[in-house]
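Participant: Just one file: model-v4.pdb, with PDB, C-alpha atoms, pLDDT in the B column.
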ATOM      1  CA  MET A  81     -43.031 -21.496 -50.464  1.00 60.00           C
ATOM      2  CA  ASP A  82     -41.659 -24.933 -51.453  1.00 79.00           C
ATOM      3  CA  TYR A  83     -38.961 -26.426 -49.228  1.00 80.00           C
ATOM      4  CA  TRP A  84     -36.508 -26.779 -52.110  1.00 84.00           C
ATOM      5  CA  ILE A  85     -36.858 -23.074 -52.900  1.00 87.00           C
ATOM      6  CA  CYS A  86     -36.241 -22.227 -49.244  1.00 86.00           C
ATOM      7  CA  LEU A  87     -33.150 -24.456 -49.200  1.00 89.00           C
ATOM      8  CA  LEU A  88     -31.817 -22.952 -52.423  1.00 90.00           C
ATOM      9  CA  ILE A  89     -32.300 -19.364 -51.285  1.00 91.00           C
ATOM     10  CA  CYS A  90     -30.609 -20.124 -47.937  1.00 91.00           C
ATOM     11  CA  LEU A  91     -27.612 -21.771 -49.642  1.00 92.00           C
ATOM     12  CA  GLY A  92     -27.408 -18.785 -51.976  1.00 91.00           C
ATOM     13  CA  ALA A  93     -27.503 -16.402 -49.011  1.00 92.00           C
ATOM     14  CA  ALA A  94     -24.656 -18.263 -47.278  1.00 93.00           C
ATOM     15  CA  PHE A  95     -22.564 -18.179 -50.455  1.00 90.00           C
ATOM     16  CA  ALA A  96     -23.423 -14.488 -50.927  1.00 88.00           C
ATOM     17  CA  GLY A  97     -22.320 -13.766 -47.353  1.00 90.00           C
ATOM     18  CA  PHE A  98     -18.997 -15.497 -48.023  1.00 91.00           C
ATOM     19  CA  ILE A  99     -18.455 -13.589 -51.276  1.00 85.00           C
ATOM     20  CA  ASP A 100     -19.526 -10.297 -49.745  1.00 83.00           C
ATOM     21  CA  ALA A 101     -17.054 -10.718 -46.896  1.00 85.00           C
ATOM     22  CA  VAL A 102     -14.171 -11.502 -49.279  1.00 84.00           C
ATOM     23  CA  VAL A 103     -14.683  -9.048 -52.151  1.00 77.00           C
ATOM     24  CA  GLY A 104     -18.036  -7.347 -51.590  1.00 75.00           C
ATOM     25  CA  GLY A 105     -21.042  -7.575 -53.858  1.00 72.00           C
ATOM     26  CA  GLY A 106     -22.946 -10.395 -52.195  1.00 80.00           C
ATOM     27  CA  GLY A 107     -26.062  -8.726 -53.554  1.00 76.00           C
ATOM     28  CA  LEU A 108     -24.873  -9.650 -57.033  1.00 74.00           C
ATOM     29  CA  VAL A 109     -25.446 -13.265 -55.980  1.00 80.00           C
ATOM     30  CA  GLN A 110     -28.594 -12.820 -53.895  1.00 85.00           C
ATOM     31  CA  VAL A 111     -30.442 -10.376 -56.145  1.00 83.00           C
ATOM     32  CA  PRO A 112     -30.328 -12.443 -59.380  1.00 81.00           C
ATOM     33  CA  LEU A 113     -31.302 -15.498 -57.322  1.00 86.00           C
ATOM     34  CA  LEU A 114     -34.303 -13.670 -55.872  1.00 89.00           C
ATOM     35  CA  PHE A 115     -35.310 -12.461 -59.340  1.00 85.00           C
ATOM     36  CA  ILE A 116     -35.142 -16.030 -60.688  1.00 85.00           C
ATOM     37  CA  LEU A 117     -36.911 -17.799 -57.795  1.00 88.00           C
ATOM     38  CA  PHE A 118     -39.523 -15.112 -57.128  1.00 89.00           C
ATOM     39  CA  PRO A 119     -40.428 -13.530 -60.477  1.00 86.00           C
ATOM     40  CA  GLU A 120     -43.637 -12.158 -58.962  1.00 87.00           C
ATOM     41  CA  PHE A 121     -41.644  -9.737 -56.750  1.00 87.00           C
ATOM     42  CA  SER A 122     -41.081  -6.169 -57.876  1.00 84.00           C
ATOM     43  CA  HIS A 123     -37.448  -5.080 -58.115  1.00 79.00           C
ATOM     44  CA  VAL A 124     -37.993  -2.852 -55.059  1.00 82.00           C
ATOM     45  CA  GLN A 125     -39.137  -5.880 -53.015  1.00 89.00           C
ATOM     46  CA  VAL A 126     -36.128  -7.866 -54.234  1.00 88.00           C
ATOM     47  CA  ILE A 127     -33.636  -5.153 -53.237  1.00 83.00           C
ATOM     48  CA  ALA A 128     -35.362  -4.517 -49.895  1.00 87.00           C
ATOM     49  CA  THR A 129     -35.388  -8.239 -49.015  1.00 90.00           C
ATOM     50  CA  ASN A 130     -31.764  -8.604 -50.100  1.00 88.00           C
ATOM     51  CA  ARG A 131     -30.773  -5.585 -47.999  1.00 85.00           C
ATOM     52  CA  PHE A 132     -32.449  -6.910 -44.854  1.00 90.00           C
ATOM     53  CA  ALA A 133     -30.805 -10.320 -45.314  1.00 89.00           C
ATOM     54  CA  SER A 134     -27.325  -9.011 -46.084  1.00 87.00           C
ATOM     55  CA  ILE A 135     -26.854  -6.283 -43.486  1.00 86.00           C
ATOM     56  CA  ALA A 136     -26.240  -8.785 -40.666  1.00 86.00           C
ATOM     57  CA  GLY A 137     -23.614 -10.677 -42.688  1.00 87.00           C
ATOM     58  CA  THR A 138     -21.917  -7.408 -43.651  1.00 84.00           C
ATOM     59  CA  THR A 139     -21.820  -6.358 -39.996  1.00 86.00           C
ATOM     60  CA  VAL A 140     -20.326  -9.684 -38.886  1.00 88.00           C
ATOM     61  CA  ALA A 141     -17.610  -9.410 -41.551  1.00 86.00           C
ATOM     62  CA  ALA A 142     -16.936  -5.760 -40.634  1.00 84.00           C
ATOM     63  CA  ILE A 143     -16.383  -6.718 -36.975  1.00 86.00           C
ATOM     64  CA  GLN A 144     -13.888  -9.407 -37.991  1.00 86.00           C
ATOM     65  CA  TYR A 145     -11.955  -6.971 -40.183  1.00 84.00           C
ATOM     66  CA  ILE A 146     -11.873  -4.287 -37.472  1.00 82.00           C
ATOM     67  CA  ARG A 147     -10.410  -6.817 -35.047  1.00 84.00           C
ATOM     68  CA  HIS A 148      -7.712  -8.173 -37.384  1.00 82.00           C
ATOM     69  CA  VAL A 149      -6.878  -5.612 -40.122  1.00 80.00           C
ATOM     70  CA  GLY A 150      -5.392  -2.133 -39.751  1.00 71.00           C
ATOM     71  CA  ILE A 151      -7.970   0.438 -40.896  1.00 74.00           C
ATOM     72  CA  ASP A 152      -7.829   4.240 -41.201  1.00 74.00           C
ATOM     73  CA  THR A 153     -10.915   4.938 -39.100  1.00 78.00           C
ATOM     74  CA  THR A 154     -11.134   8.626 -40.061  1.00 81.00           C
ATOM     75  CA  PHE A 155     -11.519   8.075 -43.803  1.00 78.00           C
ATOM     76  CA  VAL A 156     -13.820   5.093 -43.217  1.00 85.00           C
ATOM     77  CA  LEU A 157     -16.136   7.134 -40.990  1.00 86.00           C
ATOM     78  CA  ILE A 158     -16.211  10.045 -43.456  1.00 88.00           C
ATOM     79  CA  ALA A 159     -16.982   7.705 -46.350  1.00 87.00           C
ATOM     80  CA  GLY A 160     -19.545   5.826 -44.255  1.00 85.00           C
ATOM     81  CA  ILE A 161     -21.435   8.923 -43.116  1.00 87.00           C
ATOM     82  CA  SER A 162     -21.609  10.391 -46.629  1.00 89.00           C
ATOM     83  CA  ALA A 163     -22.626   6.963 -47.988  1.00 85.00           C
ATOM     84  CA  GLY A 164     -25.358   6.602 -45.371  1.00 83.00           C
ATOM     85  CA  LEU A 165     -26.881  10.008 -46.101  1.00 84.00           C
ATOM     86  CA  SER A 166     -26.922   9.562 -49.875  1.00 85.00           C
ATOM     87  CA  SER A 167     -28.066   5.926 -49.591  1.00 80.00           C
ATOM     88  CA  PHE A 168     -31.136   6.955 -47.601  1.00 80.00           C
ATOM     89  CA  GLY A 169     -32.094   9.406 -50.343  1.00 77.00           C
ATOM     90  CA  GLY A 170     -31.389   6.877 -53.071  1.00 77.00           C
ATOM     91  CA  THR A 171     -33.987   4.402 -51.776  1.00 73.00           C
ATOM     92  CA  PHE A 172     -36.804   6.816 -52.623  1.00 74.00           C
ATOM     93  CA  ALA A 173     -35.550   7.208 -56.214  1.00 70.00           C
ATOM     94  CA  MET A 174     -35.450   3.441 -56.842  1.00 65.00           C
ATOM     95  CA  GLY A 175     -39.093   3.161 -57.840  1.00 65.00           C
ATOM     96  CA  LEU A 176     -38.379   5.376 -60.860  1.00 69.00           C
ATOM     97  CA  VAL A 177     -36.282   2.636 -62.520  1.00 67.00           C
ATOM     98  CA  SER A 178     -38.044  -0.269 -64.267  1.00 65.00           C
ATOM     99  CA  SER A 179     -36.774  -3.872 -64.213  1.00 59.00           C
ATOM    100  CA  ALA A 180     -36.185  -3.666 -67.986  1.00 68.00           C
ATOM    101  CA  VAL A 181     -33.514  -1.023 -67.343  1.00 71.00           C
ATOM    102  CA  PHE A 182     -32.341  -2.348 -63.990  1.00 68.00           C
ATOM    103  CA  LYS A 183     -31.074  -5.794 -65.075  1.00 70.00           C
ATOM    104  CA  PRO A 184     -29.021  -4.695 -68.137  1.00 81.00           C
ATOM    105  CA  MET A 185     -27.532  -1.908 -66.011  1.00 75.00           C
ATOM    106  CA  LEU A 186     -26.255  -4.469 -63.510  1.00 72.00           C
ATOM    107  CA  LEU A 187     -24.759  -6.618 -66.273  1.00 80.00           C
ATOM    108  CA  CYS A 188     -22.869  -3.673 -67.809  1.00 83.00           C
ATOM    109  CA  ILE A 189     -21.386  -2.722 -64.428  1.00 76.00           C
ATOM    110  CA  ILE A 190     -20.196  -6.279 -63.771  1.00 76.00           C
ATOM    111  CA  VAL A 191     -18.574  -6.604 -67.216  1.00 85.00           C
ATOM    112  CA  VAL A 192     -16.628  -3.339 -66.809  1.00 82.00           C
ATOM    113  CA  LEU A 193     -15.342  -4.365 -63.368  1.00 75.00           C
ATOM    114  CA  ALA A 194     -14.263  -7.809 -64.588  1.00 79.00           C
ATOM    115  CA  ILE A 195     -12.375  -6.512 -67.631  1.00 83.00           C
ATOM    116  CA  TYR A 196     -10.505  -3.825 -65.705  1.00 76.00           C
ATOM    117  CA  THR A 197      -9.533  -6.163 -62.856  1.00 74.00           C
ATOM    118  CA  PHE A 198      -8.336  -8.857 -65.282  1.00 79.00           C
ATOM    119  CA  VAL A 199      -6.213  -6.408 -67.320  1.00 78.00           C
ATOM    120  CA  LYS A 200      -4.626  -4.796 -64.236  1.00 70.00           C
ATOM    121  CA  LYS A 201      -2.674  -7.806 -62.967  1.00 68.00           C
ATOM    122  CA  ASP A 202      -1.156  -5.944 -60.011  1.00 66.00           C
ATOM    123  CA  LEU A 203      -4.380  -4.228 -58.967  1.00 63.00           C
ATOM    124  CA  GLY A 204      -4.699  -4.265 -55.189  1.00 56.00           C
ATOM    125  CA  ILE A 205      -1.727  -6.559 -54.600  1.00 64.00           C
ATOM    126  CA  GLU A 206       0.332  -3.876 -52.837  1.00 65.00           C
ATOM    127  CA  HIS A 207      -0.980  -1.534 -50.137  1.00 59.00           C
ATOM    128  CA  ALA A 208       0.367   1.913 -51.125  1.00 63.00           C
ATOM    129  CA  PRO A 209      -2.206   4.670 -50.329  1.00 63.00           C
ATOM    130  CA  SER A 210      -2.026   7.620 -52.749  1.00 68.00           C
ATOM    131  CA  TYR A 211      -3.805  10.210 -50.545  1.00 66.00           C
ATOM    132  CA  ASN A 212      -3.443  11.444 -46.995  1.00 73.00           C
ATOM    133  CA  GLY A 213      -4.763  14.210 -44.759  1.00 74.00           C
ATOM    134  CA  LYS A 214      -7.532  16.449 -46.081  1.00 81.00           C
ATOM    135  CA  ARG A 215      -7.210  15.103 -49.655  1.00 84.00           C
ATOM    136  CA  LEU A 216      -7.976  11.623 -48.335  1.00 82.00           C
ATOM    137  CA  TRP A 217     -11.022  12.941 -46.471  1.00 83.00           C
ATOM    138  CA  VAL A 218     -12.355  14.717 -49.571  1.00 88.00           C
ATOM    139  CA  MET A 219     -11.891  11.663 -51.789  1.00 87.00           C
ATOM    140  CA  SER A 220     -13.456   9.430 -49.126  1.00 86.00           C
ATOM    141  CA  ALA A 221     -16.511  11.685 -48.880  1.00 88.00           C
ATOM    142  CA  PHE A 222     -16.859  11.740 -52.674  1.00 89.00           C
ATOM    143  CA  ILE A 223     -16.607   7.948 -53.025  1.00 89.00           C
ATOM    144  CA  GLY A 224     -18.995   7.423 -50.119  1.00 87.00           C
ATOM    145  CA  ALA A 225     -21.604   9.843 -51.472  1.00 88.00           C
ATOM    146  CA  ALA A 226     -21.501   8.495 -55.038  1.00 86.00           C
ATOM    147  CA  LEU A 227     -21.642   4.820 -54.119  1.00 85.00           C
ATOM    148  CA  GLY A 228     -24.001   5.412 -51.206  1.00 82.00           C
ATOM    149  CA  PHE A 229     -26.558   6.830 -53.628  1.00 84.00           C
ATOM    150  CA  TYR A 230     -25.965   3.835 -55.908  1.00 79.00           C
ATOM    151  CA  ASN A 231     -26.512   1.588 -52.879  1.00 74.00           C
ATOM    152  CA  GLY A 232     -29.917   3.073 -52.161  1.00 76.00           C
ATOM    153  CA  PHE A 233     -30.938   3.627 -55.777  1.00 74.00           C
ATOM    154  CA  ILE A 234     -29.806   0.327 -57.343  1.00 69.00           C
ATOM    155  CA  GLY A 235     -28.151  -1.719 -54.603  1.00 66.00           C
ATOM    156  CA  PRO A 236     -26.369  -4.916 -55.698  1.00 64.00           C
ATOM    157  CA  GLY A 237     -22.622  -4.652 -56.083  1.00 69.00           C
ATOM    158  CA  THR A 238     -22.101  -1.699 -53.732  1.00 75.00           C
ATOM    159  CA  GLY A 239     -19.517  -3.600 -51.704  1.00 76.00           C
ATOM    160  CA  THR A 240     -17.660  -4.642 -54.854  1.00 76.00           C
ATOM    161  CA  LEU A 241     -17.735  -1.094 -56.205  1.00 80.00           C
ATOM    162  CA  LEU A 242     -16.453   0.262 -52.889  1.00 84.00           C
ATOM    163  CA  VAL A 243     -13.559  -2.220 -52.915  1.00 83.00           C
ATOM    164  CA  PHE A 244     -12.875  -1.324 -56.549  1.00 82.00           C
ATOM    165  CA  ALA A 245     -12.937   2.427 -55.794  1.00 85.00           C
ATOM    166  CA  PHE A 246     -10.704   2.143 -52.739  1.00 85.00           C
ATOM    167  CA  VAL A 247      -8.191  -0.048 -54.589  1.00 84.00           C
ATOM    168  CA  THR A 248      -8.080   1.977 -57.836  1.00 83.00           C
ATOM    169  CA  ILE A 249      -8.523   5.555 -56.556  1.00 85.00           C
ATOM    170  CA  LEU A 250      -6.994   5.409 -53.084  1.00 83.00           C
ATOM    171  CA  GLN A 251      -4.410   2.733 -54.058  1.00 81.00           C
ATOM    172  CA  VAL A 252      -4.940   0.531 -51.007  1.00 80.00           C
ATOM    173  CA  GLY A 253      -4.490  -3.249 -51.045  1.00 80.00           C
ATOM    174  CA  PHE A 254      -7.415  -5.597 -51.662  1.00 80.00           C
ATOM    175  CA  LEU A 255      -7.475  -6.711 -48.015  1.00 82.00           C
ATOM    176  CA  GLN A 256      -7.527  -3.155 -46.618  1.00 82.00           C
ATOM    177  CA  GLY A 257      -9.983  -2.087 -49.323  1.00 81.00           C
ATOM    178  CA  SER A 258     -12.326  -4.950 -48.527  1.00 80.00           C
ATOM    179  CA  ALA A 259     -12.089  -4.275 -44.786  1.00 83.00           C
ATOM    180  CA  SER A 260     -12.861  -0.579 -45.245  1.00 85.00           C
ATOM    181  CA  ALA A 261     -15.660  -1.311 -47.709  1.00 83.00           C
ATOM    182  CA  LYS A 262     -17.395  -3.618 -45.220  1.00 81.00           C
ATOM    183  CA  ILE A 263     -17.696  -0.846 -42.633  1.00 84.00           C
ATOM    184  CA  VAL A 264     -18.821   1.790 -45.143  1.00 85.00           C
ATOM    185  CA  ASN A 265     -21.260  -0.652 -46.740  1.00 78.00           C
ATOM    186  CA  ALA A 266     -22.772  -1.570 -43.365  1.00 81.00           C
ATOM    187  CA  MET A 267     -23.409   2.118 -42.598  1.00 79.00           C
ATOM    188  CA  ALA A 268     -24.974   2.711 -46.026  1.00 77.00           C
ATOM    189  CA  ASP A 269     -27.069  -0.464 -45.763  1.00 77.00           C
ATOM    190  CA  PHE A 270     -28.454   0.557 -42.391  1.00 81.00           C
ATOM    191  CA  ALA A 271     -29.451   3.997 -43.680  1.00 78.00           C
ATOM    192  CA  SER A 272     -31.159   2.628 -46.798  1.00 75.00           C
ATOM    193  CA  LEU A 273     -32.853  -0.112 -44.745  1.00 83.00           C
ATOM    194  CA  ILE A 274     -34.700   2.609 -42.816  1.00 82.00           C
ATOM    195  CA  GLY A 275     -36.192   3.743 -46.108  1.00 78.00           C
ATOM    196  CA  PHE A 276     -37.280   0.178 -46.938  1.00 82.00           C
ATOM    197  CA  PHE A 277     -38.872  -0.202 -43.496  1.00 84.00           C
ATOM    198  CA  ILE A 278     -40.858   2.963 -44.143  1.00 83.00           C
ATOM    199  CA  SER A 279     -41.986   1.804 -47.594  1.00 79.00           C
ATOM    200  CA  GLY A 280     -42.911  -1.707 -46.329  1.00 85.00           C
ATOM    201  CA  SER A 281     -41.079  -3.449 -49.187  1.00 83.00           C
ATOM    202  CA  ILE A 282     -39.304  -6.223 -47.207  1.00 89.00           C
ATOM    203  CA  VAL A 283     -40.647  -9.807 -47.567  1.00 90.00           C
ATOM    204  CA  TYR A 284     -39.775 -11.078 -44.086  1.00 90.00           C
ATOM    205  CA  LYS A 285     -40.622 -14.775 -44.520  1.00 89.00           C
ATOM    206  CA  ILE A 286     -37.755 -14.953 -47.019  1.00 90.00           C
ATOM    207  CA  ALA A 287     -35.490 -12.251 -45.592  1.00 90.00           C
ATOM    208  CA  VAL A 288     -35.159 -13.704 -42.055  1.00 92.00           C
ATOM    209  CA  PRO A 289     -33.814 -17.194 -42.954  1.00 92.00           C
ATOM    210  CA  MET A 290     -31.588 -15.591 -45.581  1.00 93.00           C
ATOM    211  CA  MET A 291     -30.188 -13.256 -42.928  1.00 93.00           C
ATOM    212  CA  VAL A 292     -29.121 -16.142 -40.672  1.00 94.00           C
ATOM    213  CA  CYS A 293     -27.341 -17.936 -43.519  1.00 95.00           C
ATOM    214  CA  ASN A 294     -25.750 -14.701 -44.726  1.00 94.00           C
ATOM    215  CA  MET A 295     -24.242 -14.125 -41.276  1.00 93.00           C
ATOM    216  CA  LEU A 296     -22.656 -17.586 -41.330  1.00 94.00           C
ATOM    217  CA  GLY A 297     -21.204 -16.993 -44.787  1.00 92.00           C
ATOM    218  CA  GLY A 298     -19.929 -13.560 -43.771  1.00 91.00           C
ATOM    219  CA  TYR A 299     -18.073 -14.964 -40.779  1.00 93.00           C
ATOM    220  CA  ILE A 300     -16.380 -17.719 -42.794  1.00 93.00           C
ATOM    221  CA  GLY A 301     -15.551 -15.384 -45.697  1.00 89.00           C
ATOM    222  CA  SER A 302     -13.922 -12.717 -43.537  1.00 89.00           C
ATOM    223  CA  LYS A 303     -11.781 -15.349 -41.813  1.00 89.00           C
ATOM    224  CA  ALA A 304     -10.644 -16.728 -45.198  1.00 88.00           C
ATOM    225  CA  ALA A 305      -9.811 -13.266 -46.590  1.00 85.00           C
ATOM    226  CA  ILE A 306      -7.757 -12.280 -43.549  1.00 87.00           C
ATOM    227  CA  LEU A 307      -5.853 -15.566 -43.665  1.00 87.00           C
ATOM    228  CA  LYS A 308      -5.214 -15.696 -47.452  1.00 83.00           C
ATOM    229  CA  GLY A 309      -4.616 -12.002 -48.280  1.00 79.00           C
ATOM    230  CA  ASN A 310      -4.739  -9.829 -51.406  1.00 76.00           C
ATOM    231  CA  ARG A 311      -4.112 -12.376 -54.192  1.00 80.00           C
ATOM    232  CA  PHE A 312      -6.793 -14.723 -52.891  1.00 83.00           C
ATOM    233  CA  ILE A 313      -9.294 -11.846 -52.801  1.00 79.00           C
ATOM    234  CA  ARG A 314      -8.432 -10.830 -56.374  1.00 79.00           C
ATOM    235  CA  TYR A 315      -8.935 -14.378 -57.683  1.00 83.00           C
ATOM    236  CA  VAL A 316     -12.275 -14.754 -55.903  1.00 81.00           C
ATOM    237  CA  PHE A 317     -13.298 -11.343 -57.247  1.00 76.00           C
ATOM    238  CA  LEU A 318     -12.652 -12.373 -60.857  1.00 81.00           C
ATOM    239  CA  PHE A 319     -14.187 -15.841 -60.439  1.00 79.00           C
ATOM    240  CA  VAL A 320     -17.428 -14.481 -59.024  1.00 72.00           C
ATOM    241  CA  LEU A 321     -17.747 -11.745 -61.642  1.00 76.00           C
ATOM    242  CA  THR A 322     -17.272 -14.314 -64.423  1.00 81.00           C
ATOM    243  CA  LEU A 323     -20.030 -16.543 -63.047  1.00 74.00           C
ATOM    244  CA  LEU A 324     -22.364 -13.605 -62.623  1.00 71.00           C
ATOM    245  CA  ILE A 325     -21.774 -12.351 -66.162  1.00 80.00           C
ATOM    246  CA  ALA A 326     -22.641 -15.805 -67.536  1.00 79.00           C
ATOM    247  CA  ARG A 327     -25.738 -16.143 -65.338  1.00 70.00           C
ATOM    248  CA  MET A 328     -27.146 -12.679 -66.023  1.00 72.00           C
ATOM    249  CA  SER A 329     -26.353 -12.834 -69.753  1.00 81.00           C
ATOM    250  CA  TRP A 330     -28.333 -16.065 -70.034  1.00 77.00           C
ATOM    251  CA  ASP A 331     -31.170 -14.537 -68.032  1.00 71.00           C
ATOM    252  CA  LEU A 332     -31.307 -11.505 -70.335  1.00 75.00           C
ATOM    253  CA  PHE A 333     -30.395 -12.884 -73.773  1.00 78.00           C
ATOM    254  CA  GLY A 334     -30.303 -16.686 -73.714  1.00 68.00           C
ATOM    255  CA  LYS A 335     -33.945 -17.476 -73.042  1.00 57.00           C
ATOM    256  CA  PRO A 336     -36.249 -18.117 -76.017  1.00 52.00           C
TER     257      PRO A 336
END
Output the file's structure as structure tokens, nothing else.
Facilitator:
Amino acid sequence: MDYWICLLICLGAAFAGFIDAVVGGGGLVQVPLLFILFPEFSHVQVIATNRFASIAGTTVAAIQYIRHVGIDTTFVLIAGISAGLSSFGGTFAMGLVSSAVFKPMLLCIIVVLAIYTFVKKDLGIEHAPSYNGKRLWVMSAFIGAALGFYNGFIGPGTGTLLVFAFVTILQVGFLQGSASAKIVNAMADFASLIGFFISGSIVYKIAVPMMVCNMLGGYIGSKAAILKGNRFIRYVFLFVLTLLIARMSWDLFGKP
């Protein structure tokens, strides 16, 4: 592997860790980068390598949020357990999806998220939960199971989708949604990572240096999100989605 490729993938991992800590979806940075720099990898190898690299950064960010942001631990644990179980099963279904379907699917998801967040100007600005008690537990389990399966089956953007689901369905603020999503995402990532260990899909010579850089980015990103609050997280969310739409659109449609 050339040194410039190693440097680029490490810088990308650090940026992905920062983004993942602020709004989730660091995989939406790392995965396209891995596809571009290592076209010889299968999409299963790309997702497995991304997952190994990102789980440490997600865990670092989750610890920071637990220490500094008020979190409803009951709903987070319910969502995390259901996400972990369905994520483990989703890893074994991933091989059924070809790259030709996988990449356009990611692009469509990103476009929908960006449009909705841009139109809803007040989305996630106020923390006003719409569920409590058993209804909150049921909704948490449903969100966790649905997005946990997505995490294992497809992967990139799980953190962003969790934040989006918590903010839109449960009506929590962006900061609380991001904090909760980090914990749930870490639990789902760990469960799906077991499946990748079993399948032997992780490329460790790339995944290990990426992991170190992702941890650094995750620490800095979580500190920035806690300090700046909901509006900062929303702006970063939209900025990152816009860049990703442009990058993936060029990758799919702009090449001769």
Participant: With the file shown as input, list the residues that the PyMOL selection byres ((chain A and resi 304) around 12) selects, as a PyMOL selection string.
Facilitator: chain A and resi 98-103+141+144-145+148+255+297-303+305-313+316
Participant: Counting only C-alpha atoms, which of A:Ala268, A:Ile278, A:Leu321, A:Val283 gets nearest to His123 of chain A?
Facilitator: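 Smallest separation from His123 of chain A among the options: A:Val283.
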Participant: Can you tell me which residues surround segment 184-189 of chain A at a distance of at most 7 Å, considering all atoms listed in the file, apart from same-chain residues fewer than 4 positions away, and format the answer as a PyMOL selection string?
Facilitator: chain A and resi 193+325+328
Participant: Using the selection just defined, write its residues with C-alpha atoms as a PDB file, in the frame of the given file.
Facilitator:
ATOM      1  CA  LEU A 193     -15.342  -4.365 -63.368  1.00 75.00           C
ATOM      2  CA  ILE A 325     -21.774 -12.351 -66.162  1.00 80.00           C
ATOM      3  CA  MET A 328     -27.146 -12.679 -66.023  1.00 72.00           C
TER       4      MET A 328
END
Participant: Tell me, as a ChimeraX atom specification, which residues lie within 12 Å of Ala163 of chain A, counting all atoms listed in the file; anything in the same chain fewer than 4 positions away does not count.
Facilitator: /A:155-159,167-170,220-233,238-239,242,261,263-272
Participant: Give me a file of those residues, with C-alpha atoms, as an mmCIF file, in the frame of the given file.
Facilitator:
data_model
loop_
_atom_site.group_PDB
_atom_site.id
_atom_site.type_symbol
_atom_site.label_atom_id
_atom_site.label_comp_id
_atom_site.auth_asym_id
_atom_site.auth_seq_id
_atom_site.Cartn_x
_atom_site.Cartn_y
_atom_site.Cartn_z
ATOM 1 C CA PHE A 155 -11.519 8.075 -43.803
ATOM 2 C CA VAL A 156 -13.820 5.093 -43.217
ATOM 3 C CA LEU A 157 -16.136 7.134 -40.990
ATOM 4 C CA ILE A 158 -16.211 10.045 -43.456
ATOM 5 C CA ALA A 159 -16.982 7.705 -46.350
ATOM 6 C CA SER A 167 -28.066 5.926 -49.591
ATOM 7 C CA PHE A 168 -31.136 6.955 -47.601
ATOM 8 C CA GLY A 169 -32.094 9.406 -50.343
ATOM 9 C CA GLY A 170 -31.389 6.877 -53.071
ATOM 10 C CA SER A 220 -13.456 9.430 -49.126
ATOM 11 C CA ALA A 221 -16.511 11.685 -48.880
ATOM 12 C CA PHE A 222 -16.859 11.740 -52.674
ATOM 13 C CA ILE A 223 -16.607 7.948 -53.025
ATOM 14 C CA GLY A 224 -18.995 7.423 -50.119
ATOM 15 C CA ALA A 225 -21.604 9.843 -51.472
ATOM 16 C CA ALA A 226 -21.501 8.495 -55.038
ATOM 17 C CA LEU A 227 -21.642 4.820 -54.119
ATOM 18 C CA GLY A 228 -24.001 5.412 -51.206
ATOM 19 C CA PHE A 229 -26.558 6.830 -53.628
ATOM 20 C CA TYR A 230 -25.965 3.835 -55.908
ATOM 21 C CA ASN A 231 -26.512 1.588 -52.879
ATOM 22 C CA GLY A 232 -29.917 3.073 -52.161
ATOM 23 C CA PHE A 233 -30.938 3.627 -55.777
ATOM 24 C CA THR A 238 -22.101 -1.699 -53.732
ATOM 25 C CA GLY A 239 -19.517 -3.600 -51.704
ATOM 26 C CA LEU A 242 -16.453 0.262 -52.889
ATOM 27 C CA ALA A 261 -15.660 -1.311 -47.709
ATOM 28 C CA ILE A 263 -17.696 -0.846 -42.633
ATOM 29 C CA VAL A 264 -18.821 1.790 -45.143
ATOM 30 C CA ASN A 265 -21.260 -0.652 -46.740
ATOM 31 C CA ALA A 266 -22.772 -1.570 -43.365
ATOM 32 C CA MET A 267 -23.409 2.118 -42.598
ATOM 33 C CA ALA A 268 -24.974 2.711 -46.026
ATOM 34 C CA ASP A 269 -27.069 -0.464 -45.763
ATOM 35 C CA PHE A 270 -28.454 0.557 -42.391
ATOM 36 C CA ALA A 271 -29.451 3.997 -43.680
ATOM 37 C CA SER A 272 -31.159 2.628 -46.798
#
Participant: To verify the selection step, state as a list in words which residues the PyMOL selection byres ((chain A and resi 282) around 7) yields on this input.
Facilitator: Gln125, Ala128, Thr129, Phe276, Gly280, Ser281, Val283 and Tyr284 of chain A
Participant: I need the chosen residues saved as a PDB file, in the coordinates of the input, with C-alpha atoms.
Facilitator:
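Written file, again-v4.pdb:
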ATOM      1  CA  GLN A 125     -39.137  -5.880 -53.015  1.00 89.00           C
ATOM      2  CA  ALA A 128     -35.362  -4.517 -49.895  1.00 87.00           C
ATOM      3  CA  THR A 129     -35.388  -8.239 -49.015  1.00 90.00           C
ATOM      4  CA  PHE A 276     -37.280   0.178 -46.938  1.00 82.00           C
ATOM      5  CA  GLY A 280     -42.911  -1.707 -46.329  1.00 85.00           C
ATOM      6  CA  SER A 281     -41.079  -3.449 -49.187  1.00 83.00           C
ATOM      7  CA  VAL A 283     -40.647  -9.807 -47.567  1.00 90.00           C
ATOM      8  CA  TYR A 284     -39.775 -11.078 -44.086  1.00 90.00           C
TER       9      TYR A 284
END
Participant: My list of candidates is A:Leu117, A:Val192, A:Met219, A:Val199. Which is closest to Cys86 of chain A when distances are computed with only C-alpha atoms?
Facilitator: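 Using only C-alpha atoms, Cys86 of chain A sits closest to A:Leu117.
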Participant: Using only C-alpha atoms, determine which residues lie at most 9 Å from Ile135 of chain A, disregarding the query and same-chain residues fewer than 3 positions distant; provide the list as a VMD selection string.
Facilitator: chain A and resid 130 to 132 138 to 140 265 to 266 269 to 270 273 291 294 to 295
Participant: What does the PyMOL selection byres ((chain A and resi 324) around 10) select in this file, as a list in words?
Facilitator: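 For this structure, the PyMOL selection byres ((chain A and resi 324) around 10) resolves to Leu108, Val109, Pro112, Leu186, Leu187, Ile190, Val191, Leu318, Phe319, Val320, Leu321, Thr322, Leu323, Ile325, Ala326, Arg327, Met328, Ser329 and Trp330 of chain A.
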Participant: Using 5 Å of padding on each side, determine the axis-aligned box around all atoms of segment 124-142 of chain A present in the file and give its centre and edge lengths in Å to one decimal, as lines of an AutoDock Vina configuration file.
Facilitator:
center_x = -28.0
center_y = -6.8
center_z = -47.0
size_x = 32.2
size_y = 17.8
size_z = 26.2
